[in-house]
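Okay, my_file.pdb now, which holds PDB, C-alpha atoms and all ligand atoms:
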ATOM      1  CA  MET P   1     111.127  77.537 132.599
ATOM      2  CA  PRO P   2     111.320  76.540 128.906
ATOM      3  CA  THR P   3     112.806  79.092 126.517
ATOM      4  CA  ILE P   4     110.280  79.749 123.785
ATOM      5  CA  ALA P   5     111.394  81.271 120.484
ATOM      6  CA  VAL P   6     109.367  82.551 117.547
ATOM      7  CA  VAL P   7     110.662  82.326 113.964
ATOM      8  CA  PRO P   8     108.533  84.875 112.080
ATOM      9  CA  GLY P   9     108.339  85.562 108.377
ATOM     10  CA  SER P  10     106.164  85.862 105.316
ATOM     11  CA  PHE P  11     107.311  82.431 104.064
ATOM     12  CA  ASP P  12     105.884  83.189 100.618
ATOM     13  CA  PRO P  13     106.957  80.447  99.997
ATOM     14  CA  VAL P  14     109.063  78.647 102.599
ATOM     15  CA  THR P  15     112.547  77.811 101.281
ATOM     16  CA  LEU P  16     115.192  75.282 102.314
ATOM     17  CA  GLY P  17     117.092  78.227 103.830
ATOM     18  CA  HIS P  18     114.132  78.855 106.161
ATOM     19  CA  ILE P  19     113.953  75.171 107.090
ATOM     20  CA  ASP P  20     117.679  75.159 107.929
ATOM     21  CA  VAL P  21     117.217  78.152 110.252
ATOM     22  CA  ILE P  22     114.165  76.544 111.901
ATOM     23  CA  ARG P  23     116.078  73.278 112.397
ATOM     24  CA  ARG P  24     118.959  75.115 114.053
ATOM     25  CA  ALA P  25     116.546  77.129 116.251
ATOM     26  CA  THR P  26     115.047  73.861 117.547
ATOM     27  CA  LYS P  27     118.529  72.834 118.715
ATOM     28  CA  VAL P  28     118.953  76.021 120.747
ATOM     29  CA  PHE P  29     115.477  76.656 122.189
ATOM     30  CA  ASP P  30     113.090  74.413 124.123
ATOM     31  CA  GLU P  31     110.042  75.399 122.076
ATOM     32  CA  VAL P  32     109.902  76.926 118.592
ATOM     33  CA  HIS P  33     106.872  78.596 117.008
ATOM     34  CA  VAL P  34     107.088  79.220 113.274
ATOM     35  CA  LEU P  35     104.850  82.233 112.769
ATOM     36  CA  ILE P  36     103.584  83.058 109.304
ATOM     37  CA  VAL P  37     102.900  86.772 109.368
ATOM     38  CA  HIS P  38     100.825  88.807 106.953
ATOM     39  CA  ASN P  39     103.154  91.589 105.767
ATOM     40  CA  PRO P  40     100.973  94.441 104.405
ATOM     41  CA  ASP P  41     104.012  95.887 102.566
ATOM     42  CA  LYS P  42     104.218  92.819 100.333
ATOM     43  CA  ASP P  43     101.751  91.457  97.765
ATOM     44  CA  ALA P  44     101.721  87.790  98.687
ATOM     45  CA  LEU P  45     101.739  85.134  95.958
ATOM     46  CA  LEU P  46     100.416  82.372  98.210
ATOM     47  CA  PRO P  47      97.331  82.772 100.388
ATOM     48  CA  MET P  48      97.929  82.377 104.117
ATOM     49  CA  ASN P  49      96.261  78.945 104.347
ATOM     50  CA  GLU P  50      98.557  77.567 101.617
ATOM     51  CA  ARG P  51     101.639  79.013 103.339
ATOM     52  CA  VAL P  52     100.593  77.304 106.571
ATOM     53  CA  ARG P  53      99.906  73.996 104.802
ATOM     54  CA  LEU P  54     103.195  74.062 102.895
ATOM     55  CA  MET P  55     105.134  74.946 106.071
ATOM     56  CA  GLU P  56     103.515  72.065 108.004
ATOM     57  CA  GLU P  57     104.302  69.693 105.139
ATOM     58  CA  ALA P  58     107.899  70.964 104.913
ATOM     59  CA  LEU P  59     108.475  70.520 108.653
ATOM     60  CA  GLU P  60     107.088  66.989 108.415
ATOM     61  CA  GLU P  61     109.409  66.240 105.479
ATOM     62  CA  ALA P  62     112.366  67.643 107.444
ATOM     63  CA  GLY P  63     111.534  65.575 110.546
ATOM     64  CA  LEU P  64     110.786  68.721 112.537
ATOM     65  CA  SER P  65     107.020  68.479 112.980
ATOM     66  CA  ASN P  66     107.327  67.400 116.617
ATOM     67  CA  LYS P  67     109.914  70.104 117.352
ATOM     68  CA  ALA P  68     108.296  73.224 115.894
ATOM     69  CA  THR P  69     104.675  74.342 115.723
ATOM     70  CA  VAL P  70     103.164  76.469 112.968
ATOM     71  CA  ALA P  71     100.834  79.420 113.529
ATOM     72  CA  SER P  72      99.673  82.368 111.458
ATOM     73  CA  TYR P  73      99.193  85.987 112.455
ATOM     74  CA  SER P  74      97.354  88.607 110.458
ATOM     75  CA  VAL P  75      96.389  91.319 112.924
ATOM     76  CA  GLY P  76      98.455  93.055 115.585
ATOM     77  CA  LEU P  77     102.051  93.340 116.619
ATOM     78  CA  LEU P  78     104.472  90.452 116.429
ATOM     79  CA  VAL P  79     105.514  91.178 120.013
ATOM     80  CA  ASP P  80     101.887  90.727 121.137
ATOM     81  CA  TYR P  81     101.947  87.178 119.772
ATOM     82  CA  CYS P  82     105.268  86.619 121.576
ATOM     83  CA  THR P  83     103.857  87.901 124.854
ATOM     84  CA  ASP P  84     100.691  85.785 124.458
ATOM     85  CA  VAL P  85     102.694  82.552 124.077
ATOM     86  CA  GLY P  86     105.419  83.475 126.588
ATOM     87  CA  ALA P  87     108.211  83.849 124.020
ATOM     88  CA  LYS P  88     111.076  86.213 124.855
ATOM     89  CA  VAL P  89     113.122  85.630 121.700
ATOM     90  CA  LEU P  90     112.711  86.082 117.958
ATOM     91  CA  VAL P  91     114.965  84.168 115.557
ATOM     92  CA  LYS P  92     115.899  85.570 112.145
ATOM     93  CA  GLY P  93     118.079  84.089 109.412
ATOM     94  CA  ILE P  94     120.734  86.439 108.040
ATOM     95  CA  ARG P  95     122.202  86.001 104.546
ATOM     96  CA  SER P  96     124.157  89.231 104.179
ATOM     97  CA  GLN P  97     124.682  92.781 105.415
ATOM     98  CA  ILE P  98     121.546  93.727 103.494
ATOM     99  CA  ASP P  99     119.512  91.498 105.812
ATOM    100  CA  VAL P 100     121.222  93.026 108.857
ATOM    101  CA  ALA P 101     120.295  96.518 107.652
ATOM    102  CA  TYR P 102     116.674  95.427 106.989
ATOM    103  CA  GLU P 103     116.326  93.699 110.366
ATOM    104  CA  THR P 104     118.078  96.228 112.616
ATOM    105  CA  PRO P 105     115.218  98.738 113.074
ATOM    106  CA  MET P 106     112.788  95.867 113.742
ATOM    107  CA  VAL P 107     115.151  94.381 116.347
ATOM    108  CA  ILE P 108     115.337  97.703 118.181
ATOM    109  CA  MET P 109     111.593  98.342 117.866
ATOM    110  CA  ASN P 110     110.618  94.898 119.170
ATOM    111  CA  ARG P 111     112.969  95.301 122.147
ATOM    112  CA  SER P 112     111.654  98.785 122.792
ATOM    113  CA  LEU P 113     107.998  97.685 122.552
ATOM    114  CA  ALA P 114     108.087  94.582 124.716
ATOM    115  CA  ASP P 115     111.660  93.673 125.693
ATOM    116  CA  ILE P 116     111.719  90.903 123.087
ATOM    117  CA  GLU P 117     115.264  90.020 122.020
ATOM    118  CA  THR P 118     116.233  88.906 118.510
ATOM    119  CA  VAL P 119     118.824  86.256 117.755
ATOM    120  CA  PHE P 120     120.411  86.180 114.295
ATOM    121  CA  LEU P 121     121.429  82.846 112.823
ATOM    122  CA  LEU P 122     123.763  83.162 109.836
ATOM    123  CA  THR P 123     122.353  81.312 106.860
ATOM    124  CA  ASP P 124     124.294  78.267 105.774
ATOM    125  CA  PRO P 125     126.361  79.379 102.729
ATOM    126  CA  GLN P 126     124.618  76.806 100.511
ATOM    127  CA  HIS P 127     121.379  78.805 100.953
ATOM    128  CA  ALA P 128     122.878  82.320 100.942
ATOM    129  CA  HIS P 129     121.486  83.150  97.481
ATOM    130  CA  VAL P 130     118.015  81.765  98.143
ATOM    131  CA  SER P 131     115.079  84.043  98.880
ATOM    132  CA  SER P 132     111.316  83.623  98.547
ATOM    133  CA  SER P 133     111.208  86.485  96.032
ATOM    134  CA  LEU P 134     113.862  84.894  93.766
ATOM    135  CA  VAL P 135     112.130  81.536  94.039
ATOM    136  CA  ARG P 136     108.862  83.164  92.931
ATOM    137  CA  GLU P 137     110.642  84.868  90.018
ATOM    138  CA  VAL P 138     112.475  81.734  88.849
ATOM    139  CA  ALA P 139     109.260  79.685  89.077
ATOM    140  CA  ALA P 140     107.228  82.322  87.224
ATOM    141  CA  LEU P 141     109.775  82.296  84.384
ATOM    142  CA  GLY P 142     109.726  78.521  84.086
ATOM    143  CA  GLY P 143     112.948  77.706  85.975
ATOM    144  CA  ASP P 144     113.526  74.693  88.217
ATOM    145  CA  VAL P 145     113.136  75.712  91.856
ATOM    146  CA  SER P 146     113.410  72.192  93.307
ATOM    147  CA  PRO P 147     116.988  72.729  94.638
ATOM    148  CA  TYR P 148     115.795  75.647  96.757
ATOM    149  CA  VAL P 149     112.444  74.680  98.251
ATOM    150  CA  PRO P 150     110.763  71.732  99.995
ATOM    151  CA  LYS P 151     109.182  69.176  97.639
ATOM    152  CA  GLY P 152     105.604  70.324  98.296
ATOM    153  CA  VAL P 153     106.484  73.927  97.429
ATOM    154  CA  ALA P 154     108.154  72.886  94.160
ATOM    155  CA  THR P 155     105.072  70.867  93.240
ATOM    156  CA  PHE P 156     102.747  73.729  94.179
ATOM    157  CA  LEU P 157     104.715  76.283  92.132
ATOM    158  CA  THR P 158     104.888  74.131  89.025
ATOM    159  CA  ALA P 159     101.230  72.969  89.106
TER     160      ALA P 159
HETATM  161  O1  LIG Z   1     109.721  87.281 105.693
HETATM  162  P1  LIG Z   1     109.598  88.778 105.896
HETATM  163  O2  LIG Z   1     108.544  89.364 104.992
HETATM  164  O3  LIG Z   1     110.909  89.492 105.765
HETATM  165  O4  LIG Z   1     109.093  88.959 107.406
HETATM  166  C1  LIG Z   1     108.883  90.253 107.925
HETATM  167  C2  LIG Z   1     108.111  90.194 109.241
HETATM  168  C3  LIG Z   1     106.788  89.481 109.025
HETATM  169  C4  LIG Z   1     108.920  89.434 110.259
HETATM  170  C5  LIG Z   1     107.877  91.659 109.657
HETATM  171  O5  LIG Z   1     107.150  92.306 108.670
HETATM  172  C6  LIG Z   1     107.166  91.789 110.988
HETATM  173  O6  LIG Z   1     107.782  91.652 112.020
HETATM  174  N1  LIG Z   1     105.832  92.012 110.945
HETATM  175  C7  LIG Z   1     105.056  92.144 112.169
HETATM  176  C8  LIG Z   1     104.459  93.553 112.324
HETATM  177  C9  LIG Z   1     105.029  94.284 113.524
HETATM  178  O7  LIG Z   1     104.965  93.810 114.635
HETATM  179  N2  LIG Z   1     105.592  95.484 113.252
HETATM  180  C10 LIG Z   1     106.135  96.379 114.253
HETATM  181  C11 LIG Z   1     107.452  96.022 114.899
HETATM  182  S1  LIG Z   1     108.833  95.800 113.830
END
Structure encoded using structure tokens:
Amino acid sequence: MPTIAVVPGSFDPVTLGHIDVIRRATKVFDEVHVLIVHNPDKDALLPMNERVRLMEEALEEAGLSNKATVASYSVGLLVDYCTDVGAKVLVKGIRSQIDVAYETPMVIMNRSLADIETVFLLTDPQHAHVSSSLVREVAALGGDVSPYVPKGVATFLTA
């Protein structure tokens, strides 16, 4: 049976750190779903349809479009999506202990809710300082975000 993994996140916007984690997940799992989740705790900059479009474009640019599929999820539990598609594993990128602390309750909750395991992939050090929120801030203040995001995202943020 193929091992299906879900890489969830707000991806507001997708960064090169995210793409690196997705690429590495495709090497470990048979099937990878990149799931763009509406997070009600965060005021999103990009509408969901733009996040999906930019993710699809970024995966194409990275040569991953035939290895990972993109979906969006606005209502319901993440574990319900996992159960619906037969995924038993979530993949999260970890940059620091702060990420571990943020993720830990969710890991335990998702396992408690539906026996879904979470695998942490340590972010490549070259992306350790990159986050969607910093990218949004740098772009809003006129900085060059092209070293941190796929080409389509850089174009979108500077348009
Ligand atoms: O990129 P983010 O914003 O850090 O991603 C957070 C996300 C979307 C993975 C998280 O908010 C999440 O898992 N949302 C799904 C809602 C859910 O199932 N909550 C209950 C179990 S933790």
Using only C-alpha atoms and all ligand atoms, which residues have at least one atom no more than 9 Å from ligand LIG 1 (chain Z)? Output them as a VMD selection string. chain P and resid 7 to 12 35 to 42 73 to 81 92 99 102 to 103 105 to 110 113 132
May I ask which of the residues P:Leu134, P:Ile98, P:Leu90, P:Ala68 is the closest one to Arg23 in chain P, counting all atoms listed in the file? P:Ala68
Just give me the gap between CA of Lys88 in chain P and CA of Ile4 in chain P in Å, one decimal is fine. 6.6 Å
For CA of Ala71 in chain P and CA of Val52 in chain P, determine how far apart the two atoms are, in Å to one decimal place.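 Separating CA of Ala71 in chain P from CA of Val52 in chain P is a distance of 7.3 Å.
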Leu59 in chain P surroundings by only C-alpha atoms, 9 Å radius, close-in-sequence under 4 positions cut, as a VMD selection string: chain P and resid 19 22 to 23 54 to 55 63 to 69
Choose the residue, out of P:Asp144, P:Glu56, P:Glu117, P:Glu50, that has the smallest atom-to-atom separation from Val34 in chain P; count all atoms listed in the file. P:Glu56
At a cut-off of 8 Å, can you tabulate as a Markdown table every residue of range 27-106 of chain P near range 147-156 of chain P together with its closest atom pair and the distance in Å to one decimal, using only C-alpha atoms and ordering rows by chain then number?
| residue | atom | partner | partner_atom | distance |
| --- | --- | --- | --- | --- |
| P:Leu54 | CA | P:Val153 | CA | 6.4 |
| P:Glu57 | CA | P:Gly152 | CA | 7.0 |
| P:Ala58 | CA | P:Pro150 | CA | 5.7 |
| P:Glu61 | CA | P:Pro150 | CA | 7.9 |
Set the distance at 10 Å and use all atoms listed in the file: which residues neighbour Pro2 in chain P once local chain neighbours fewer than 4 positions away are removed? I'd like the list as an MDAnalysis selection string. chainID P and resid 29:31 86:87
Which residues fall under the PyMOL selection byres (((chain P and resi 127) around 12) and not hetatm) in this file, as a VMD selection string? chain P and resid 15 to 21 93 to 96 122 to 126 128 to 132 135 147 to 149
Quick one: distance from CA of Ser72 in chain P to CA of Ala25 in chain P in Å, one decimal?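 We find that CA of Ser72 in chain P and CA of Ala25 in chain P lie 18.3 Å from each other.
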Hey, which of P:Thr104, P:Gly142, P:Arg24, P:Pro13 ends up closest to Arg53 in chain P? Count all atoms listed in the file. P:Pro13
Pick out the closest residue to Lys27 in chain P from this set: P:Val70, P:Ala140, P:Val85, P:Ala5. Count all atoms listed in the file. P:Ala5
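When only C-alpha atoms are used to measure the gap to Ala114 in chain P, the shortest distance among P:Val100, P:Val145, P:Leu45, P:Cys82 belongs to P:Cys82.
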